[in-house]
Amino acid sequence: NTVVYDILFMKEDLQIEAQKILDENAQEGGFTIPSKGLYPFQWKWDSGFIAIGLAHYDMKRAQQEISSLLDAQWENGFIPHIVFHNESDSYFPGPDFHQSFLHPLASKKYKTTGLTQPPVLGFVLEKMLEISKNASSVMSFIKTHIDKVYENHRYFYTNRDIHNEGLVYIYHNWESGTDNSPVWDEIWETVDAPQYTFQRKDTTHVDASQRPSDKEYNLYVHVIEIAKKYQYDDQKIAALSPFLVQDPLFNAMLIRSNEALMNLYKRIGGNQEKIDYLTHHQEKSKARFNEKLFDIDLNAYIYFDLRNNKPIRHITSSSFTPLYAGIPSKDRAEKLIQVLLDRFGGEDQYLCASFDPTSELYNPKKYWRGPIWMNLNWLLYQGLKRYEYEALAERVKNESIELITSSGFKEYFDARKAIQEASGRGYGGDNFSWSAALFIDLLH
Ligand code: 2M8
């Protein structure tokens, strides 16, 4: 019993610690940075996850988090992946590099990037309502903001679904959120980039061995230079970007958020045209997702490289996110979860590595090439619950809590149980906001 009490106290202390991190990362202007020094601005999907954590103890701040992001939405519905609210020079590439003003419909109020990130806002609004103890006040917030998220979905289907098949593309690895995943390696081999001159800042905060290489950064810069050359024009990008991918995580988030928007509009009442639009796209997207992004030999969801017109057959933590969006049939979900257990879930591993631990490209310490990320674990947890794999969902939740308890609110974590690192098993940035925010949600 003492042990149980200790854990309970520890969790309570950690919850206070998590709130402290979110409070210390709060900025003037109502948004929260992901991690001091390393990421000094507002990031799109980070803000979504942060709002879920904040909703548990400060709903007003959760709302500010979302409205400050939406305030930087472009006139065409696009929501940028970074909003440069302040003048910090500790980040590369900053506002002077990205030059969002090149696009005629870019935000006039804020400097931003011309890239986006996974569309999480729909389901974040729904979660906030679910967490809320004062539904009517959150509902009025949702009523005044939901159309912006809807416009963002329209932007995706209008501009980023080049075959009109219900699947949208990303044109840069930074849009995936899973920046240096081995999934992109083969694409990079096809790209012939000049050598650019730039000064990285990330490696002054985090050990370079835990970050992407300089060669990779040169490629990341190159793809943005191409987009800038064409004023971030979507059609030109679709025609010319060497990186053009249908990503399972990105598309699953869009589908899960479509569903959330439909639920919320039904609750609000009226809005039939919007509901019809979303319903049409939802059915089409889900069907095509299952046709095109499921690999029947691997029994897992994979990626499609539109530029080179071929599937990219790797299994990552993104491969399991379609569960949260209700995409697989029960039968398919069972097969997928068997793959999760076989490859990612051995007794010697915490769930869930970001890249297939049985692959020779797996690197348990390097950023998105293997370590565990709390936001992907949270998405997996939600997905397993949706398909009623209760015991496995509990395992993901408990292991997430255990990792944070033993190593702190790090950016990413080592999945190998056997290693005993003197400094814990966490890597990357410290006091990381979405690790703190989603920890709070998992405890509830
Ligand atoms: C990481 O990405 C940024 C670029 O967007 C970077 O490395 O500088 C990724 O983990 C991304 O998913 C995340 O949103 C961002 C901020 O936490 O950091």
# chains A, B, ... in the order shown; residues from 1 in each chain; ligands from 1
call {"tool": "residues_near_ligand", "arguments": {"ligand": "ligand 1", "cutoff": "10 Å", "atoms": "only C-alpha atoms and all ligand atoms", "output": "JSON, numbers by chain"}}
result
{"A": [33, 34, 35, 38, 39, 40, 41, 42, 43, 44, 45, 46, 47, 81, 82, 91, 92, 93, 94, 113, 115, 116, 117, 118, 173, 174, 175, 176, 177, 178, 179, 180, 200, 201, 202, 211, 212, 217, 220, 367, 368, 373, 375, 411, 412, 428, 429, 432, 433, 434]}
call {"tool": "residues_around", "arguments": {"residues": "stretch 265-274 of chain A", "least_positions_apart": "4", "cutoff": "12 Å", "atoms": "only C-alpha atoms", "output": "PyMOL selection string"}}
result
chain A and resi 122+125-126+129+135-136+138-147+149-151+153-154+258-261+278-282
call {"tool": "closest_atom_pairs", "arguments": {"of": "stretch 206-292 of chain A", "to": "stretch 105-108 of chain A", "cutoff": "12 Å", "atoms": "only C-alpha atoms", "output": "CSV"}}
result
residue,atom,partner,partner_atom,distance
A:Gln231,CA,A:Ala106,CA,10.3
A:Tyr232,CA,A:Ala106,CA,9.6
A:Asp233,CA,A:Leu105,CA,10.1
A:Asp234,CA,A:Leu105,CA,11.8
call {"tool": "closest_residue", "arguments": {"among": "A:Phe439, A:Leu403, A:Lys20, A:Lys109", "to": "A:Gly424", "atoms": "only C-alpha atoms"}}
result
A:Leu403
call {"tool": "residues_around", "arguments": {"residues": "A:Arg369", "least_positions_apart": "2", "cutoff": "10 Å", "atoms": "only C-alpha atoms", "output": "list of chain:residue names"}}
result
A:Thr178, A:Asp179, A:Asn180, A:Ser181, A:Pro182, A:Val183, A:Gln210, A:Arg211, A:Pro212, A:Thr316, A:Ala353, A:Ser354, A:Phe355, A:Asp356, A:Pro357, A:Leu361, A:Tyr362, A:Asn363, A:Pro364, A:Lys365, A:Lys366, A:Tyr367, A:Pro371, A:Ile372
call {"tool": "residues_around", "arguments": {"residues": "A:Gly29", "least_positions_apart": "5", "cutoff": "10 Å", "atoms": "only C-alpha atoms", "output": "VMD selection string"}}
result
chain A and resid 64 to 65 68 85 to 86
call {"tool": "write_last_selection", "arguments": {"atoms": "C-alpha atoms", "output": "CSV table (one decimal), in the first residue's frame"}}
result
chain,number,residue,atom,x,y,z
A,64,GLN,CA,-6.4,31.6,-26.0
A,65,GLU,CA,-3.9,29.0,-27.2
A,68,SER,CA,-3.9,33.0,-31.0
A,85,HIS,CA,4.9,36.1,-32.6
A,86,ASN,CA,8.2,37.5,-31.2
call {"tool": "residues_around", "arguments": {"residues": "A:Gly345", "least_positions_apart": "5", "cutoff": "12 Å", "atoms": "only C-alpha atoms", "output": "ChimeraX atom specification"}}
result
/A:317,337-340,350-353,356-358,392,395-396,399,415-417
call {"tool": "atom_distance", "arguments": {"atom1": "atom CA of A:Met262", "atom2": "atom CA of A:Phe123"}}
result
10.4 Å
call {"tool": "residues_around", "arguments": {"residues": "A:Gly114", "least_positions_apart": "4", "cutoff": "7 Å", "atoms": "only C-alpha atoms", "output": "ChimeraX atom specification"}}
result
/A:80,98,100,232
call {"tool": "residues_around", "arguments": {"residues": "A:Ala436", "least_positions_apart": "5", "cutoff": "12 Å", "atoms": "only C-alpha atoms", "output": "PyMOL selection string"}}
result
chain A and resi 14-25+32+34-35+46+49-54+373-375+378+400-401+404-405+408-412+430-431+441-443
call {"tool": "write_last_selection", "arguments": {"atoms": "C-alpha atoms", "output": "PDB file, in the first residue's frame"}}
result
ATOM      1  CA  LEU A  14       4.215  15.463 -11.376  1.00  0.00           C
ATOM      2  CA  GLN A  15       0.903  16.975 -12.334  1.00  0.00           C
ATOM      3  CA  ILE A  16       1.916  20.147 -10.483  1.00  0.00           C
ATOM      4  CA  GLU A  17       5.282  19.984 -12.231  1.00  0.00           C
ATOM      5  CA  ALA A  18       3.558  19.586 -15.608  1.00  0.00           C
ATOM      6  CA  GLN A  19       1.420  22.669 -14.979  1.00  0.00           C
ATOM      7  CA  LYS A  20       4.526  24.579 -13.938  1.00  0.00           C
ATOM      8  CA  ILE A  21       6.173  23.730 -17.251  1.00  0.00           C
ATOM      9  CA  LEU A  22       3.152  24.929 -19.211  1.00  0.00           C
ATOM     10  CA  ASP A  23       3.046  28.096 -17.130  1.00  0.00           C
ATOM     11  CA  GLU A  24       6.738  28.782 -17.609  1.00  0.00           C
ATOM     12  CA  ASN A  25       6.438  28.205 -21.356  1.00  0.00           C
ATOM     13  CA  THR A  32       2.809  28.526 -25.326  1.00  0.00           C
ATOM     14  CA  PRO A  34       7.134  23.973 -27.098  1.00  0.00           C
ATOM     15  CA  SER A  35      10.459  24.279 -25.227  1.00  0.00           C
ATOM     16  CA  ASP A  46       1.991  21.613 -30.465  1.00  0.00           C
ATOM     17  CA  PHE A  49      -1.945  19.205 -27.822  1.00  0.00           C
ATOM     18  CA  ILE A  50      -1.054  21.930 -25.331  1.00  0.00           C
ATOM     19  CA  ALA A  51      -4.669  23.168 -25.348  1.00  0.00           C
ATOM     20  CA  ILE A  52      -5.864  19.664 -24.361  1.00  0.00           C
ATOM     21  CA  GLY A  53      -3.638  19.737 -21.267  1.00  0.00           C
ATOM     22  CA  LEU A  54      -4.537  23.312 -20.392  1.00  0.00           C
ATOM     23  CA  TRP A 373       7.002  10.690 -28.609  1.00  0.00           C
ATOM     24  CA  MET A 374       4.193  11.523 -26.190  1.00  0.00           C
ATOM     25  CA  ASN A 375       1.842  12.955 -28.804  1.00  0.00           C
ATOM     26  CA  TRP A 378      -1.526   9.753 -26.927  1.00  0.00           C
ATOM     27  CA  SER A 400       3.895   6.787 -21.053  1.00  0.00           C
ATOM     28  CA  ILE A 401       3.413   7.793 -17.442  1.00  0.00           C
ATOM     29  CA  ILE A 404       7.875  10.627 -17.725  1.00  0.00           C
ATOM     30  CA  THR A 405       8.067   9.591 -14.100  1.00  0.00           C
ATOM     31  CA  GLY A 408      11.078  13.886 -16.768  1.00  0.00           C
ATOM     32  CA  PHE A 409       9.182  15.909 -19.339  1.00  0.00           C
ATOM     33  CA  LYS A 410      11.647  15.373 -22.148  1.00  0.00           C
ATOM     34  CA  GLU A 411      10.963  15.810 -25.847  1.00  0.00           C
ATOM     35  CA  TYR A 412      11.450  12.093 -26.703  1.00  0.00           C
ATOM     36  CA  ASP A 430      13.721  19.788 -21.662  1.00  0.00           C
ATOM     37  CA  ASN A 431      10.460  20.892 -20.051  1.00  0.00           C
ATOM     38  CA  ASP A 441      -4.678  14.462 -19.933  1.00  0.00           C
ATOM     39  CA  LEU A 442      -3.542  10.850 -19.485  1.00  0.00           C
ATOM     40  CA  LEU A 443      -3.818  11.172 -15.701  1.00  0.00           C
TER      41      LEU A 443
END
call {"tool": "atom_distance", "arguments": {"atom1": "atom CA of A:Asn152", "atom2": "atom CA of A:Phe78"}}
result
5.6 Å
call {"tool": "select_by_dssp", "arguments": {"residues": "stretch 149-394 of chain A", "states": "strand (DSSP E or B)", "output": "number ranges by chain"}}
result
A: 170, 245-246, 294-295, 300-301, 303-305, 310-312, 316, 349, 353, 355, 372
call {"tool": "closest_residue", "arguments": {"among": "A:Asn159, A:Thr197, A:Gln235, A:Ser329", "to": "A:Phe289", "atoms": "only C-alpha atoms"}}
result
A:Ser329
call {"tool": "atom_distance", "arguments": {"atom1": "atom CA of A:Ile170", "atom2": "atom CA of A:Val245"}}
result
5.4 Å
call {"tool": "select_by_dssp", "arguments": {"residues": "stretch 40-236 of chain A", "states": "alpha helix (DSSP H)", "output": "ChimeraX atom specification"}}
result
/A:44-54,59-70,95-98,121-131,135-159,173-176,185-189,202-205,214-229,234-236
call {"tool": "closest_residue", "arguments": {"among": "A:Gly37, A:Pro311, A:Pro95, A:Pro248", "to": "A:Ile327", "atoms": "only C-alpha atoms"}}
result
A:Pro248
call {"tool": "closest_residue", "arguments": {"among": "A:Glu28, A:Asp58, A:Asp161, A:Asp276", "to": "A:Ala437", "atoms": "only C-alpha atoms"}}
result
A:Asp58
call {"tool": "closest_residue", "arguments": {"among": "A:Leu306, A:Val120, A:Ile312, A:Val206", "to": "A:Glu186", "atoms": "only C-alpha atoms"}}
result
A:Ile312
